[in-house]
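S.K.: Could you have a look at this structure, given as structure tokens, before my questions?
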Amino acid sequence: MSVRFPIVEDRLDNGLRVFVVEDRTAPIVAVNLWYDVGSRNEQLGKTGFAHLFEHVMFQGSANVASGEHMAIMNSVGGDLNATTSFDRTNYFETVPSGALEVALWLEADRMSGLLEALSQENLDNQRDVVKNERRQRYDNVPYGTAWEHLFAMAYPEGHPYHHMPIGSMEDLSAASLDDVRSFFMTYYHPGNAVLTLVGDVDPATGFDLAKQYFGWIGSKPAIPPAKDGTIGPLTQPVRRELREPVPAEAYYAGYRAPAEGTDEIEAFEVACLLLGGLSSSRFAQRVVREEQLAQMAHCGINRLIGGTSLAFVIARARTGASLARLEEVLLEETARLVADGPSDDELEIAKATLERRFLDATNTCAGLADAVSETATLHGDVEHLNRTLDRINAVTAAQVREVAARWLQPENRVVLTYHLDAQPVEGSAA
Amino acid sequence: MTTSVLPRPEVSPARPWSFPKSTSFTLPNGLKVVVHDLPGKHLLAMRLVLDLPLGAEPIGFEGAALIALRSLEEGTERYDAQALAAARDRLGASYGVSCDTDAATVIMDVPSSRLAPAIELLAELVQRPTFPEAGVQRLVKERLDAIASELASADSRAGVELAKAYYVTGSRRAIPVGGTAVTVAAINRDVAAELFRARAVPATSTLVVAGDLSGVDLQDLVTGSFGEWQGSGVGGSAVQEDDVVAGPQLVIVDRPGSVQTALGLAVPAVARGDADKPALDIAAYALGGGMESRLMSVLREEKGYTYGIGARIMAERYDGRLIISGSVQTDVTGPAVEDLLTILRGLAADGVREEERAPAVEQLAGRAPLQYETAAAVAGTSASLLAAGLPADQVDRVRAALQATTVETVNAALQSRCPVEQLVLVAVGDASKIEAPLRGLGFDDVSVVPA
């Protein structure tokens, strides 16, 4: 299957890059803004700031009252949200086409005039909300802090991916209004953003509207480059054992992996799928169906742009199964892929699944808009998106074996194991 | 920097939209096929709706429907579990099963280029399952582990305990869809096979297909794959049960060390097809639909007690509930629940205001074109309307009804159909910290579930 989205590009004088994909299927338009700032840009002692800032962006701007952005979008039948990750902060709304201009006006107002509405009260309130977000997603959930452990173990202190976007409670408490101001001045300006419109709008109209609503906003200096996170595989395994009130014992492993955009990434993605990303994956077949050691066993990759990605294996033990044996079998299956690579049939299966995932991810105006903004922000050349299926189809069995051998050796792992509260920690396999 | 002089733009009227129309045909064996041809939607969606509601499960074996459906993947006459998994993956299919009080559904989405083999695989799964003993036993054990996981999460525990408190003991709805540890442990391959074979028959099943079907002879494909499907089942739909416990009632579930309290609250409301349902949707939206709702604006945006708390009507075929759910910080649980109850009672007493009704209508009716952008969303709703016995144009009818409301009709429905004083509230949290403040809120009927 060949998919080629008609992505049209323009650039405003103030540096804002604008992309339009016309799709008249439904009377709706997706508006998507990526700012090139995420938790990898944060400094020690200021973790969680990019995400806290994202919350502040909904607290009003020069011509918009606190909460009004959401209220307006909801009242026109739109959807909206924002997310913060390691490599980005994105803001997006999907609206009936008649509300496109008001969506652009709202985004432009906060890109230009956030500081005019900033108050200590709003910051304090959103700090409490974010702390409750952290409680809800991490601290009050079984295995909730596993990712935080894996990233902290896989990358040394000071590395851009050592900490999670949610940040620490201490750093959130310390965030000040001055931090908000300087963060806004540094990262939130047209030259550090990408605007994408997908749906019921033609490129000429889209560019005119972008110019009308964003063109007057002044430019600011380029952002300080994020620290280079380039780092090779671990050479010594790192282990941490936790005893917590979890419902089942569990094995989590992290492996440093090729960065997004490298030649190795697609082959590595295939390796992860074949190990533990499919219904028919080797892990599912062996540890879930055959030996029944695990309720589930997954392998995947957090694709990151800054010199490394983090691959993971997550397996939750079946009641009564040995966690050590589970780990041993997972390593055996990984070693088998490293030694022999995939069969032709497996390769075909992985490619079919990756094709479906790509179609899924770009199946809505909002999904495609986010993919375009992501590609433009991380790769510059937006045609990179249109070559996704070509890259996937070009992966060979030999490449899969090579990347697996380079990155997925037992000594390349950080390992986190969860043990039931009341039992002694069992002997662990090396 | 210059300050913007651009005034806030007006919103121009939305282009007309309606829920995608369908056509249908029926095979000689009685299988009905409903087709939504959606040009440009190349990720196709299939929903096979089976007359296998939760009410069909034998008493004492609750969870059997889910086990029976999952067992389809464990083996058919032609393929074993690994071959079936590989066949799905080779098609790039996303696959799943679900069941509720109306029906069971087998879900498969595939790229349009692989429609023919996907229909064939779906037919194989449903027509020739073998329910292998070892596979079913494994699913039972996995389900038991999954139940332990669900109970360990504060949010899902709140949902489980809310159903248990809200519905009378013995009602199917007092038990989770996937059953309890006791009922699941009783299930074996014979229970699963018998349930499935009695209910999954062509004459009472419907296949919904949505997506870009240009150049596809669907009738030919479906006939080729499902034409030989035979069987006559027991039929009959689940009957309505009068199974709701009258509140007010407070249940505190101890979860030592919990840094948040997960809340679940239910109040009787109306059925999915009820003429008052759109009005109650508006009231629920004003209460806890968006960030500007009464609950969110106080509990999150003013006080910072929560990351999120919401309200909505969860309606089934014969009745429904107003549900409030969310988590609040442990040490403010008392004041947060007090605010929540004040807001709920205030809404019931004073009703919604026009400045709440109008945007709620725009959100609930206006976002339909966004909501039904994918073939999967269209097929899912189409299948679920069928299973609930509602008309195919229900989405458009509801949108019209939403637009026709006034504050008077909304508040009349709220007054007469949503008795908030019968509320059942569940709080899952650290009882050593939350029990005393919650007991201070004036509930006569309070129970505590120990850790």
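Labels for the structure tokens follow display order: chains A, B, ..., residues from 1 in each chain, ligands from 1.
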Mind listing as a VMD selection string which residues of chain B are within 6 Å of chain A, counting only C-alpha atoms?
M.R.: chain B and resid 1 9 11 to 14 85 to 86 89 to 90 92 142 148 to 149 259 292 304 306 to 307 359 362 to 363 366 to 367
S.K.: Would you list the contacts of Ser112 of chain B as an MDAnalysis selection string, taking every protein, DNA or RNA residue within 9 Å and counting only C-alpha atoms, but skipping same-chain residues closer than 6 positions in sequence?
M.R.: chainID B and resid 41:44 211:213
S.K.: Selected residues, N, CA and C atoms, written as a compact mmCIF listing (two decimals), in the first residue's frame, please.
M.R.:
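Just written: result-v3.txt:
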# COMPACT_ATOMS: atom_id res chain seq x y z
N LYS B 41 -11.95 6.20 3.52
CA LYS B 41 -11.57 5.58 4.81
C LYS B 41 -11.00 4.18 4.53
N HIS B 42 -9.69 4.11 4.40
CA HIS B 42 -9.05 2.87 3.96
C HIS B 42 -8.68 1.93 5.10
N LEU B 43 -8.90 2.38 6.31
CA LEU B 43 -8.78 1.46 7.44
C LEU B 43 -10.20 0.99 7.73
N LEU B 44 -10.50 -0.24 7.33
CA LEU B 44 -11.88 -0.74 7.42
C LEU B 44 -12.17 -1.27 8.82
N GLY B 211 -16.23 1.57 5.93
CA GLY B 211 -14.97 1.99 5.32
C GLY B 211 -15.13 2.14 3.82
N ASP B 212 -14.01 2.40 3.15
CA ASP B 212 -14.03 2.59 1.70
C ASP B 212 -14.17 1.24 1.02
N LEU B 213 -15.34 0.99 0.45
CA LEU B 213 -15.62 -0.32 -0.14
C LEU B 213 -15.72 -0.24 -1.66
S.K.: Compile the contact shell of Val361 of chain B as a compact mmCIF listing (two decimals) with N, CA, C and O atoms, in the first residue's frame: residues with an atom at most 12 Å away, counting only C-alpha atoms, same-chain residues fewer than 4 positions apart removed.
M.R.:
# COMPACT_ATOMS: atom_id res chain seq x y z
N ASN A 74 -14.81 24.06 23.63
CA ASN A 74 -15.91 23.14 23.91
C ASN A 74 -17.23 23.67 23.37
O ASN A 74 -18.04 22.92 22.85
N SER A 75 -17.40 24.98 23.46
CA SER A 75 -18.69 25.55 23.08
C SER A 75 -18.89 25.60 21.57
O SER A 75 -19.98 25.90 21.10
N VAL A 76 -17.84 25.35 20.79
CA VAL A 76 -18.03 25.28 19.34
C VAL A 76 -18.05 23.83 18.85
O VAL A 76 -18.05 23.55 17.66
N GLY A 77 -18.08 22.89 19.80
CA GLY A 77 -18.09 21.48 19.41
C GLY A 77 -16.72 20.97 19.05
O GLY A 77 -16.59 20.02 18.28
N GLY A 78 -15.69 21.58 19.63
CA GLY A 78 -14.32 21.15 19.31
C GLY A 78 -13.74 20.22 20.37
O GLY A 78 -14.31 20.06 21.45
N PRO B 278 -31.27 13.10 26.22
CA PRO B 278 -30.49 14.28 25.79
C PRO B 278 -30.48 15.39 26.83
O PRO B 278 -29.44 16.03 27.06
N ALA B 279 -31.61 15.61 27.49
CA ALA B 279 -31.67 16.65 28.52
C ALA B 279 -30.73 16.32 29.67
O ALA B 279 -30.00 17.20 30.18
N LEU B 280 -30.72 15.06 30.08
CA LEU B 280 -29.83 14.68 31.19
C LEU B 280 -28.37 14.71 30.77
O LEU B 280 -27.49 14.99 31.59
N ASP B 281 -28.09 14.44 29.50
CA ASP B 281 -26.72 14.59 29.01
C ASP B 281 -26.24 16.04 29.19
O ASP B 281 -25.09 16.29 29.54
N ILE B 282 -27.13 16.96 28.91
CA ILE B 282 -26.77 18.37 29.07
C ILE B 282 -26.50 18.70 30.54
O ILE B 282 -25.51 19.36 30.88
N ALA B 283 -27.38 18.21 31.42
CA ALA B 283 -27.19 18.46 32.85
C ALA B 283 -25.87 17.86 33.33
O ALA B 283 -25.11 18.48 34.08
N ALA B 284 -25.58 16.63 32.87
CA ALA B 284 -24.34 15.97 33.29
C ALA B 284 -23.13 16.73 32.74
O ALA B 284 -22.09 16.84 33.41
N TYR B 285 -23.26 17.28 31.54
CA TYR B 285 -22.16 18.04 30.96
C TYR B 285 -21.90 19.31 31.79
O TYR B 285 -20.75 19.66 32.07
N ALA B 286 -22.98 19.98 32.17
CA ALA B 286 -22.82 21.19 32.99
C ALA B 286 -22.18 20.83 34.34
O ALA B 286 -21.38 21.59 34.89
N GLY B 289 -18.70 17.86 32.62
CA GLY B 289 -18.33 17.48 31.26
C GLY B 289 -17.02 18.05 30.80
O GLY B 289 -16.16 17.34 30.29
N GLU B 354 -28.95 28.87 31.26
CA GLU B 354 -28.87 28.94 29.80
C GLU B 354 -27.41 29.03 29.34
O GLU B 354 -27.03 28.42 28.34
N GLU B 355 -26.57 29.76 30.11
CA GLU B 355 -25.17 29.87 29.69
C GLU B 355 -24.40 28.56 29.89
O GLU B 355 -23.25 28.45 29.48
N GLU B 356 -25.03 27.59 30.53
CA GLU B 356 -24.46 26.25 30.57
C GLU B 356 -25.08 25.35 29.50
O GLU B 356 -24.40 24.52 28.89
N ARG B 357 -26.38 25.51 29.29
CA ARG B 357 -27.09 24.65 28.33
C ARG B 357 -26.59 24.86 26.91
O ARG B 357 -26.27 23.88 26.20
N ALA B 365 -23.74 18.00 20.55
CA ALA B 365 -24.27 17.77 19.20
C ALA B 365 -23.25 18.17 18.14
O ALA B 365 -23.12 17.52 17.11
N GLY B 366 -22.50 19.23 18.42
CA GLY B 366 -21.62 19.80 17.40
C GLY B 366 -20.37 18.99 17.13
O GLY B 366 -19.78 19.07 16.06
N ARG B 367 -19.95 18.18 18.11
CA ARG B 367 -18.70 17.47 17.87
C ARG B 367 -18.90 16.13 17.18
O ARG B 367 -17.95 15.39 16.97
N ALA B 368 -20.14 15.82 16.78
CA ALA B 368 -20.39 14.54 16.11
C ALA B 368 -19.50 14.33 14.88
O ALA B 368 -18.96 13.22 14.70
N VAL B 398 -30.78 12.23 18.30
CA VAL B 398 -30.32 12.78 19.56
C VAL B 398 -29.78 14.20 19.35
O VAL B 398 -30.03 15.10 20.16
N ARG B 399 -29.07 14.41 18.25
CA ARG B 399 -28.55 15.76 17.98
C ARG B 399 -29.70 16.76 17.85
O ARG B 399 -29.64 17.87 18.38
N ALA B 400 -30.75 16.34 17.15
CA ALA B 400 -31.91 17.23 17.00
C ALA B 400 -32.57 17.48 18.35
O ALA B 400 -32.96 18.61 18.67
N ALA B 401 -32.66 16.42 19.15
CA ALA B 401 -33.29 16.57 20.47
C ALA B 401 -32.48 17.48 21.38
O ALA B 401 -33.03 18.28 22.13
N LEU B 402 -31.16 17.38 21.30
CA LEU B 402 -30.29 18.26 22.09
C LEU B 402 -30.56 19.72 21.70
O LEU B 402 -30.70 20.60 22.56
N GLN B 403 -30.64 19.96 20.40
CA GLN B 403 -30.83 21.33 19.93
C GLN B 403 -32.20 21.87 20.30
O GLN B 403 -32.38 23.08 20.43
N ALA B 404 -33.16 20.97 20.48
CA ALA B 404 -34.52 21.41 20.79
C ALA B 404 -34.75 21.66 22.28
O ALA B 404 -35.83 22.11 22.67
N THR B 405 -33.74 21.38 23.12
CA THR B 405 -33.96 21.56 24.56
C THR B 405 -34.04 23.04 24.93
O THR B 405 -33.58 23.91 24.19
N THR B 406 -34.63 23.29 26.09
CA THR B 406 -34.57 24.62 26.72
C THR B 406 -34.14 24.37 28.16
O THR B 406 -34.15 23.22 28.62
N VAL B 407 -33.78 25.41 28.90
CA VAL B 407 -33.44 25.17 30.30
C VAL B 407 -34.62 24.55 31.04
O VAL B 407 -34.44 23.72 31.93
N VAL B 410 -34.68 20.80 30.26
CA VAL B 410 -33.54 20.14 30.91
C VAL B 410 -33.81 19.99 32.40
O VAL B 410 -33.63 18.92 32.99
S.K.: Quick one: residues within 10 Å of Ala388 of chain B, only C-alpha atoms, excluding same-chain residues fewer than 3 positions away - as a PyMOL selection string?
M.R.: chain B and resi 101-103+272-273+316-318+383-385+391
S.K.: Would you mind exporting the chosen residues as a PDB file, in the first residue's frame, restricted to C-alpha atoms?
M.R.:
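Once written, again-v3.pdb looks like this:
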ATOM      1  CA  THR B 101     -25.740  -6.261  28.831  1.00  0.00           C
ATOM      2  CA  ASP B 102     -26.935  -6.022  25.201  1.00  0.00           C
ATOM      3  CA  ALA B 103     -24.631  -8.253  23.186  1.00  0.00           C
ATOM      4  CA  ARG B 272     -30.264   5.117  26.351  1.00  0.00           C
ATOM      5  CA  GLY B 273     -33.268   5.624  24.079  1.00  0.00           C
ATOM      6  CA  GLU B 316     -28.135   1.041  28.979  1.00  0.00           C
ATOM      7  CA  ARG B 317     -31.066  -0.410  27.124  1.00  0.00           C
ATOM      8  CA  TYR B 318     -33.530  -0.356  30.005  1.00  0.00           C
ATOM      9  CA  ALA B 383     -23.243  -2.032  16.040  1.00  0.00           C
ATOM     10  CA  SER B 384     -24.052  -0.800  19.502  1.00  0.00           C
ATOM     11  CA  LEU B 385     -27.304   0.865  18.371  1.00  0.00           C
ATOM     12  CA  PRO B 391     -32.862   3.048  15.267  1.00  0.00           C
TER      13      PRO B 391
END
S.K.: From segment 141-294 of chain A, collect each residue whose DSSP state is helix (DSSP H, G or I) and return the set as a PyMOL selection string.
M.R.: chain A and resi 146-154+169-174+177-187+190-192+203-214+265-276+282-290
S.K.: Could you name the residues that touch segment 332-349 of chain B at 7 Å or less, counting only C-alpha atoms, but leaving out those on the same chain fewer than 6 positions away, as number ranges by chain?
M.R.: B: 261, 294-295, 299, 305, 414-415, 420, 434, 437-438, 441
S.K.: Could the residues in this selection be written to a file with all heavy atoms, as a short mmCIF file (atom, residue, chain, number, x, y, z; two decimals), in the first residue's frame?
M.R.:
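Once everything was written out, this is selection.cif:
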data_model
loop_
_atom_site.label_atom_id
_atom_site.label_comp_id
_atom_site.auth_asym_id
_atom_site.auth_seq_id
_atom_site.Cartn_x
_atom_site.Cartn_y
_atom_site.Cartn_z
N THR B 261 -7.74 9.49 46.91
CA THR B 261 -8.96 8.73 47.12
C THR B 261 -9.71 8.69 45.79
O THR B 261 -10.02 9.73 45.22
CB THR B 261 -9.84 9.40 48.19
OG1 THR B 261 -9.08 9.53 49.39
CG2 THR B 261 -11.09 8.59 48.45
N ARG B 294 -19.10 22.61 36.52
CA ARG B 294 -19.14 23.02 37.93
C ARG B 294 -18.13 22.23 38.77
O ARG B 294 -17.45 22.81 39.63
CB ARG B 294 -20.55 22.81 38.48
CG ARG B 294 -21.57 23.73 37.82
CD ARG B 294 -22.91 23.65 38.52
NE ARG B 294 -23.91 24.42 37.77
CZ ARG B 294 -25.13 24.68 38.22
NH1 ARG B 294 -25.51 24.23 39.42
NH2 ARG B 294 -25.98 25.38 37.51
N LEU B 295 -18.04 20.93 38.55
CA LEU B 295 -17.10 20.13 39.35
C LEU B 295 -15.66 20.51 39.07
O LEU B 295 -14.85 20.71 39.99
CB LEU B 295 -17.31 18.63 39.08
CG LEU B 295 -18.59 18.00 39.64
CD1 LEU B 295 -18.75 16.58 39.10
CD2 LEU B 295 -18.55 17.98 41.17
N LEU B 299 -13.30 21.97 41.94
CA LEU B 299 -12.39 20.99 42.55
C LEU B 299 -11.00 21.01 41.93
O LEU B 299 -10.01 20.70 42.59
CB LEU B 299 -13.00 19.58 42.44
CG LEU B 299 -14.23 19.35 43.31
CD1 LEU B 299 -14.88 18.01 43.01
CD2 LEU B 299 -13.87 19.41 44.79
N TYR B 305 -7.70 20.29 44.15
CA TYR B 305 -7.83 19.02 44.87
C TYR B 305 -7.60 17.80 43.98
O TYR B 305 -7.41 16.70 44.48
CB TYR B 305 -9.26 18.87 45.43
CG TYR B 305 -9.63 19.79 46.56
CD1 TYR B 305 -10.98 20.01 46.88
CD2 TYR B 305 -8.66 20.42 47.34
CE1 TYR B 305 -11.35 20.83 47.93
CE2 TYR B 305 -9.03 21.26 48.39
CZ TYR B 305 -10.37 21.46 48.68
OH TYR B 305 -10.75 22.26 49.72
N LEU B 414 -34.28 16.74 34.84
CA LEU B 414 -33.38 16.58 35.98
C LEU B 414 -34.19 16.35 37.26
O LEU B 414 -33.88 15.48 38.07
CB LEU B 414 -32.52 17.84 36.09
CG LEU B 414 -31.35 17.87 37.06
CD1 LEU B 414 -30.38 16.73 36.79
CD2 LEU B 414 -30.62 19.21 36.93
N GLN B 415 -35.24 17.14 37.42
CA GLN B 415 -36.09 17.02 38.62
C GLN B 415 -36.78 15.67 38.69
O GLN B 415 -36.83 15.04 39.74
CB GLN B 415 -37.19 18.10 38.58
CG GLN B 415 -36.71 19.51 38.84
CD GLN B 415 -36.30 19.70 40.29
OE1 GLN B 415 -36.84 19.05 41.17
NE2 GLN B 415 -35.33 20.58 40.52
N VAL B 420 -31.27 12.71 42.96
CA VAL B 420 -29.90 12.76 43.48
C VAL B 420 -29.81 12.31 44.93
O VAL B 420 -28.75 11.86 45.37
CB VAL B 420 -29.25 14.15 43.32
CG1 VAL B 420 -29.15 14.53 41.86
CG2 VAL B 420 -29.97 15.19 44.13
N ILE B 434 -9.27 8.99 55.80
CA ILE B 434 -10.48 9.55 55.18
C ILE B 434 -11.78 9.15 55.88
O ILE B 434 -12.80 9.77 55.65
CB ILE B 434 -10.58 9.18 53.69
CG1 ILE B 434 -10.77 7.66 53.49
CG2 ILE B 434 -9.35 9.68 52.93
CD1 ILE B 434 -11.08 7.27 52.04
N PRO B 437 -13.36 12.11 58.32
CA PRO B 437 -13.96 13.24 57.59
C PRO B 437 -15.18 12.84 56.75
O PRO B 437 -16.15 13.60 56.66
CB PRO B 437 -12.84 13.78 56.70
CG PRO B 437 -11.65 12.91 56.89
CD PRO B 437 -11.89 12.01 58.05
N LEU B 438 -15.15 11.65 56.15
CA LEU B 438 -16.31 11.25 55.33
C LEU B 438 -17.52 10.93 56.20
O LEU B 438 -18.65 11.24 55.84
CB LEU B 438 -15.95 10.04 54.46
CG LEU B 438 -14.98 10.32 53.29
CD1 LEU B 438 -14.65 9.03 52.54
CD2 LEU B 438 -15.56 11.37 52.34
N LEU B 441 -19.97 13.72 56.98
CA LEU B 441 -20.78 14.34 55.93
C LEU B 441 -22.27 14.03 56.04
O LEU B 441 -23.06 14.46 55.20
CB LEU B 441 -20.26 13.92 54.55
CG LEU B 441 -18.84 14.42 54.24
CD1 LEU B 441 -18.37 13.88 52.91
CD2 LEU B 441 -18.78 15.94 54.25
#
S.K.: If we count only C-alpha atoms, what is near Ser232 of chain B at a cut-off of 12 Å, once residues fewer than 5 positions away on the same chain are taken out, given as a PyMOL selection string?
M.R.: chain B and resi 29-31+51+196-205
S.K.: Output N, CA and C atoms of each residue in that selection to a file, as an mmCIF file, in the first residue's frame.
M.R.:
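Below is the file part_5.cif, written as the result:
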data_model
loop_
_atom_site.group_PDB
_atom_site.id
_atom_site.type_symbol
_atom_site.label_atom_id
_atom_site.label_comp_id
_atom_site.auth_asym_id
_atom_site.auth_seq_id
_atom_site.Cartn_x
_atom_site.Cartn_y
_atom_site.Cartn_z
ATOM 1 N N ASN B 29 -28.691 -17.917 5.450
ATOM 2 C CA ASN B 29 -28.674 -18.493 6.807
ATOM 3 C C ASN B 29 -29.143 -17.501 7.876
ATOM 4 N N GLY B 30 -29.503 -16.304 7.473
ATOM 5 C CA GLY B 30 -30.059 -15.343 8.410
ATOM 6 C C GLY B 30 -29.091 -14.273 8.888
ATOM 7 N N LEU B 31 -27.810 -14.418 8.577
ATOM 8 C CA LEU B 31 -26.846 -13.394 9.012
ATOM 9 C C LEU B 31 -27.149 -12.073 8.310
ATOM 10 N N ASP B 51 -25.843 -12.259 19.626
ATOM 11 C CA ASP B 51 -26.870 -12.171 20.665
ATOM 12 C C ASP B 51 -26.412 -12.964 21.890
ATOM 13 N N PHE B 196 -21.310 -20.218 24.095
ATOM 14 C CA PHE B 196 -21.058 -19.617 22.789
ATOM 15 C C PHE B 196 -21.926 -20.279 21.717
ATOM 16 N N ARG B 197 -21.985 -21.608 21.721
ATOM 17 C CA ARG B 197 -22.703 -22.314 20.644
ATOM 18 C C ARG B 197 -24.205 -22.087 20.719
ATOM 19 N N ALA B 198 -24.698 -21.858 21.939
ATOM 20 C CA ALA B 198 -26.138 -21.618 22.074
ATOM 21 C C ALA B 198 -26.528 -20.233 21.568
ATOM 22 N N ARG B 199 -25.586 -19.292 21.619
ATOM 23 C CA ARG B 199 -25.963 -17.901 21.327
ATOM 24 C C ARG B 199 -25.374 -17.357 20.033
ATOM 25 N N ALA B 200 -24.250 -17.900 19.593
ATOM 26 C CA ALA B 200 -23.602 -17.354 18.403
ATOM 27 C C ALA B 200 -24.085 -18.113 17.175
ATOM 28 N N VAL B 201 -25.219 -17.677 16.656
ATOM 29 C CA VAL B 201 -25.797 -18.338 15.480
ATOM 30 C C VAL B 201 -26.142 -17.255 14.454
ATOM 31 N N PRO B 202 -26.132 -17.620 13.169
ATOM 32 C CA PRO B 202 -26.252 -16.587 12.139
ATOM 33 C C PRO B 202 -27.560 -15.797 12.204
ATOM 34 N N ALA B 203 -28.661 -16.465 12.523
ATOM 35 C CA ALA B 203 -29.960 -15.786 12.416
ATOM 36 C C ALA B 203 -30.107 -14.627 13.397
ATOM 37 N N THR B 204 -29.338 -14.636 14.498
ATOM 38 C CA THR B 204 -29.456 -13.544 15.466
ATOM 39 C C THR B 204 -28.195 -12.684 15.490
ATOM 40 N N SER B 205 -27.348 -12.828 14.474
ATOM 41 C CA SER B 205 -26.088 -12.068 14.447
ATOM 42 C C SER B 205 -26.116 -11.034 13.330
#
S.K.: Neighbouring residues of Lys164 of chain B were defined as those with any atom within 8 Å, considering only C-alpha atoms; residues of the same chain fewer than 5 positions away were excluded. Please report them as a list in words.
M.R.: Thr169, Arg173, Ala174 and Ile175 of chain B
S.K.: What would the file look like if the residues just selected were written as a CSV table (one decimal), in the first residue's frame with all heavy atoms?
M.R.:
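Wrote it out as out_23.csv, contents follow:
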chain,number,residue,atom,x,y,z
B,169,THR,N,-27.6,-7.5,45.4
B,169,THR,CA,-26.8,-8.7,45.3
B,169,THR,C,-27.6,-9.7,44.5
B,169,THR,O,-28.8,-9.9,44.6
B,169,THR,CB,-26.6,-9.2,46.7
B,169,THR,OG1,-26.1,-8.2,47.5
B,169,THR,CG2,-25.7,-10.4,46.8
B,173,ARG,N,-25.5,-7.2,37.1
B,173,ARG,CA,-24.8,-5.9,37.0
B,173,ARG,C,-24.0,-5.6,38.3
B,173,ARG,O,-23.2,-4.6,38.3
B,173,ARG,CB,-25.8,-4.8,36.6
B,173,ARG,CG,-26.3,-5.1,35.2
B,173,ARG,CD,-27.0,-3.9,34.7
B,173,ARG,NE,-28.2,-3.5,35.4
B,173,ARG,CZ,-29.0,-2.5,35.0
B,173,ARG,NH1,-28.7,-1.7,34.0
B,173,ARG,NH2,-30.1,-2.3,35.7
B,174,ALA,N,-24.3,-6.3,39.4
B,174,ALA,CA,-23.5,-6.1,40.6
B,174,ALA,C,-22.1,-6.7,40.5
B,174,ALA,O,-21.2,-6.4,41.3
B,174,ALA,CB,-24.2,-6.7,41.8
B,175,ILE,N,-21.9,-7.5,39.4
B,175,ILE,CA,-20.7,-8.3,39.2
B,175,ILE,C,-20.0,-7.7,38.0
B,175,ILE,O,-20.6,-7.3,37.0
B,175,ILE,CB,-21.0,-9.8,39.0
B,175,ILE,CG1,-21.6,-10.3,40.2
B,175,ILE,CG2,-19.8,-10.5,38.6
B,175,ILE,CD1,-22.2,-11.7,40.0
S.K.: Which one is closest to Asp344 of chain A: A:Thr235, A:Thr83, A:Thr396, A:Asn41? Count only C-alpha atoms.
M.R.: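 Between A:Thr235, A:Thr83, A:Thr396, A:Asn41, the residue approaching Asp344 of chain A most closely is A:Thr396.
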S.K.: Report, in Å with one decimal, the straight-line distance from atom CA of Val182 of chain B to atom CA of Glu150 of chain B.
M.R.: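 Interatomic distance, atom CA of Val182 of chain B to atom CA of Glu150 of chain B: 15.0 Å.
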S.K.: To test your reading of the structure, identify every residue in segment 30-136 of chain A that backbone DSSP assigns to strand (DSSP E or B), and report it as a ChimeraX atom specification.
M.R.: /A:30-35,61,64,79-84,89-96
S.K.: Those selected residues, please, written with C-alpha atoms and delivered as a compact mmCIF listing (two decimals), in the first residue's frame.
M.R.:
# COMPACT_ATOMS: atom_id res chain seq x y z
CA ALA A 30 -7.34 19.94 13.03
CA VAL A 31 -5.00 22.65 14.34
CA ASN A 32 -1.74 21.40 15.78
CA LEU A 33 1.17 23.35 17.22
CA TRP A 34 4.44 21.76 18.27
CA TYR A 35 6.87 23.77 20.33
CA SER A 61 -3.46 35.25 27.95
CA VAL A 64 -8.40 35.32 26.97
CA ASP A 79 -11.83 18.82 20.94
CA LEU A 80 -8.62 20.08 22.45
CA ASN A 81 -5.72 19.13 24.61
CA ALA A 82 -1.98 19.44 25.01
CA THR A 83 0.79 17.05 25.96
CA THR A 84 4.37 17.32 27.12
CA THR A 89 5.15 20.18 23.91
CA ASN A 90 2.14 20.07 21.61
CA TYR A 91 -1.16 21.93 21.67
CA PHE A 92 -4.01 20.85 19.48
CA GLU A 93 -7.66 21.33 18.73
CA THR A 94 -10.01 19.79 16.20
CA VAL A 95 -12.98 22.00 15.34
CA PRO A 96 -15.90 22.22 12.95
S.K.: How many Å lie between atom CA of Val448 of chain B and atom CA of Glu435 of chain B, rounded to one decimal?
M.R.: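 For atom CA of Val448 of chain B relative to atom CA of Glu435 of chain B, the distance reads 8.3 Å.
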